[in-house]
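Right, one structure below, let's go through it.
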Amino acid sequence: MTSLRRLGALIVGLTFVLDQALKLWLLFGLRLAEEGPFQLASFLEIVLAWNRGISYGLFQQSTDIGRWALVVLSIVAAIWLWRWMWRSDDRLTVVSLALIIGGALGNGLDRMVYGAVVDFVHVHVGSFSWYIFNIADAAIVFGVLGLLWESLRPGAGRSKAA
């Protein structure tokens, strides 16, 4: 296995494990559902939100068919992105795809186990309130930003793409 492939697999694993470990600790260690939200800073609060949709709460699903459709979509996307990552010889592309894959798998597991994604980070300043997210969501966003940045570099990441 090449060093880029190992790096990609490591980032996928770390992203997934960190996301799931933090969610488990908040749900069952700190008992966030029972104990309620708490402030970390004047602009940062830990709250429990069950997201039955995708990013930004879009496409909310209230049925098992919708839930499992999102699970299947997460798995199919992760497989497709993994193939792309495995074939890439560009470090930024590999890291970006690995973050997206790890996040998709973390949120996909939430949907399988809980029927919804566990979101908990709430950023707010004054009356401005950002959406509530988790580690997987942040990894996906940073991965997408990395791919966008990579696409702006002349000639970068063009070889062996999916």
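By order in the structure tokens, chains are A, B, ...; within a chain, residues start at 1; ligands start at 1, following the order shown.
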
* Could you pull out the strand (DSSP E or B) residues of chain A from DSSP and send them as a list in words? -> Phe38, Gln39, Leu40, Ala41, Leu44, Glu45, Ile46, Val47, Leu48, Ala49, Trp50, Asn51, Val117, Val118, Asp119, Phe120, Val121, His122, Val123, His124, Val125, Phe128, Ser129, Trp130, Tyr131, Ile132 and Phe133 of chain A

* Could you tell me which of A:Leu48, A:Val118, A:Lys23, A:Gly106 comes closest to Glu35 (chain A) if we count only C-alpha atoms? =>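 Checking each of A:Leu48, A:Val118, A:Lys23, A:Gly106 against Glu35 (chain A), counting only C-alpha atoms, the winner is A:Leu48.
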
* **Residue neighbourhood Ser3 (chain A), 12 Å, only C-alpha atoms, exclusion window fewer than 2 positions, as number ranges by chain** => A: 1, 5-10, 86, 88-91, 94-95

Let's have the selection written as a PDB file, in the first residue's frame, with C-alpha atoms.
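Result saved to selection-v9.pdb:
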ATOM      1  CA  MET A   1       0.000   0.000   0.000  1.00  0.00           C
ATOM      2  CA  ARG A   5      -3.221   5.217   0.473  1.00  0.00           C
ATOM      3  CA  ARG A   6      -2.145   4.599   4.067  1.00  0.00           C
ATOM      4  CA  LEU A   7      -2.611   8.288   4.840  1.00  0.00           C
ATOM      5  CA  GLY A   8      -6.096   8.262   3.327  1.00  0.00           C
ATOM      6  CA  ALA A   9      -7.131   5.119   5.221  1.00  0.00           C
ATOM      7  CA  LEU A  10      -5.697   6.561   8.460  1.00  0.00           C
ATOM      8  CA  TRP A  86      -7.422   5.128  -3.867  1.00  0.00           C
ATOM      9  CA  SER A  88      -5.403   9.665  -6.696  1.00  0.00           C
ATOM     10  CA  ASP A  89      -1.752  10.573  -6.442  1.00  0.00           C
ATOM     11  CA  ASP A  90      -2.445  14.100  -5.150  1.00  0.00           C
ATOM     12  CA  ARG A  91      -2.009  14.521  -1.378  1.00  0.00           C
ATOM     13  CA  VAL A  94      -6.525  12.131  -0.809  1.00  0.00           C
ATOM     14  CA  VAL A  95      -6.792  14.048   2.480  1.00  0.00           C
TER      15      VAL A  95
END

* Structure fact -> Counting only C-alpha atoms, closest pick from A:Ala138, A:Leu73, A:Leu14, A:Leu105 relative to Phe120 (chain A) is A:Ala138

* Would you list the contacts of Leu18 (chain A) as number ranges by chain, taking every protein, DNA or RNA residue within 10 Å and counting only C-alpha atoms, but skipping same-chain residues closer than 3 positions in sequence? => A: 13-15, 21-24, 102-103, 106, 135-136

Would you mind exporting the chosen residues as a compact mmCIF listing (two decimals), in the first residue's frame, restricted to C-alpha atoms?
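Output (out22.txt):
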# COMPACT_ATOMS: atom_id res chain seq x y z
CA GLY A 13 -10.40 5.84 10.38
CA LEU A 14 -9.43 8.72 12.65
CA THR A 15 -12.29 10.91 11.46
CA ALA A 21 -16.20 8.48 20.30
CA LEU A 22 -17.22 12.08 20.97
CA LYS A 23 -20.87 11.32 20.22
CA LEU A 24 -20.84 8.30 22.54
CA GLY A 102 -14.90 9.43 7.37
CA GLY A 103 -17.64 11.99 7.95
CA GLY A 106 -19.85 8.51 10.88
CA ILE A 135 -17.20 16.32 13.91
CA ALA A 136 -18.35 14.37 10.83

* Taking the chain letters and numbering used in this document, name the residues of region 11-79 of chain A that DSSP puts in alpha helix (DSSP H), as a PyMOL selection string. => chain A and resi 11-24+32-35+64-79

* How far is it from CA of Met112 (chain A) to CA of Asp64 (chain A), in Å with one decimal? -> 10.2 Å

* Which residue out of A:Ile101, A:Ile79, A:Ile140, A:Trp50 has the minimum interatomic distance to Leu27 (chain A) when only C-alpha atoms are used? -> A:Trp50

* To do: Have a look at A:Ala116, A:Leu109, A:Ala41, A:Leu92 and name the one nearest to Ser74 (chain A); count only C-alpha atoms.
  =>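 For Ser74 (chain A), the nearest of the given residues is A:Leu109.
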
* Between A:Val113, A:Asp19, A:Leu81, A:Val71, which one has atoms that come closest to Phe133 (chain A), using only C-alpha atoms? ->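 Closest candidate: A:Asp19.
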
* A:Leu30, A:Val72, A:Leu97, A:Val17 ranked by distance to Val141 (chain A), top pick (using only C-alpha atoms) ->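 Closest to Val141 (chain A) of all the choices is A:Leu97.
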
* Pick out the residues sitting within 7 Å of Ser96 (chain A), and hand them over as a ChimeraX atom specification; count only C-alpha atoms, and ignore anything fewer than 2 positions along from it in its own chain. => /A:92-94,98-100,143-144,146-147

Output file for the residues above (N, CA and C atoms, as a PDB file, in the first residue's frame):
ATOM      1  N   LEU A  92      -3.485  16.482  -1.416  1.00  0.00           N
ATOM      2  CA  LEU A  92      -4.648  17.264  -0.990  1.00  0.00           C
ATOM      3  C   LEU A  92      -5.950  16.555  -1.361  1.00  0.00           C
ATOM      4  N   THR A  93      -5.996  15.954  -2.528  1.00  0.00           N
ATOM      5  CA  THR A  93      -7.192  15.216  -2.940  1.00  0.00           C
ATOM      6  C   THR A  93      -7.437  14.047  -2.013  1.00  0.00           C
ATOM      7  N   VAL A  94      -6.398  13.296  -1.692  1.00  0.00           N
ATOM      8  CA  VAL A  94      -6.525  12.131  -0.809  1.00  0.00           C
ATOM      9  C   VAL A  94      -7.010  12.557   0.577  1.00  0.00           C
ATOM     10  N   ALA A  98     -10.651  11.653   2.096  1.00  0.00           N
ATOM     11  CA  ALA A  98     -10.659  10.858   3.326  1.00  0.00           C
ATOM     12  C   ALA A  98     -11.516  11.527   4.403  1.00  0.00           C
ATOM     13  N   LEU A  99     -11.429  12.844   4.515  1.00  0.00           N
ATOM     14  CA  LEU A  99     -12.268  13.561   5.487  1.00  0.00           C
ATOM     15  C   LEU A  99     -13.750  13.391   5.157  1.00  0.00           C
ATOM     16  N   ILE A 100     -14.084  13.508   3.885  1.00  0.00           N
ATOM     17  CA  ILE A 100     -15.485  13.356   3.467  1.00  0.00           C
ATOM     18  C   ILE A 100     -15.971  11.930   3.736  1.00  0.00           C
ATOM     19  N   GLY A 143     -13.268  18.752   3.905  1.00  0.00           N
ATOM     20  CA  GLY A 143     -12.947  17.946   2.741  1.00  0.00           C
ATOM     21  C   GLY A 143     -13.421  18.587   1.448  1.00  0.00           C
ATOM     22  N   VAL A 144     -14.638  19.088   1.455  1.00  0.00           N
ATOM     23  CA  VAL A 144     -15.171  19.767   0.264  1.00  0.00           C
ATOM     24  C   VAL A 144     -14.366  21.031  -0.036  1.00  0.00           C
ATOM     25  N   GLY A 146     -11.264  21.507   0.665  1.00  0.00           N
ATOM     26  CA  GLY A 146      -9.994  21.038   0.107  1.00  0.00           C
ATOM     27  C   GLY A 146     -10.120  20.679  -1.360  1.00  0.00           C
ATOM     28  N   LEU A 147     -11.209  20.004  -1.717  1.00  0.00           N
ATOM     29  CA  LEU A 147     -11.418  19.659  -3.130  1.00  0.00           C
ATOM     30  C   LEU A 147     -11.631  20.906  -3.981  1.00  0.00           C
TER      31      LEU A 147
END
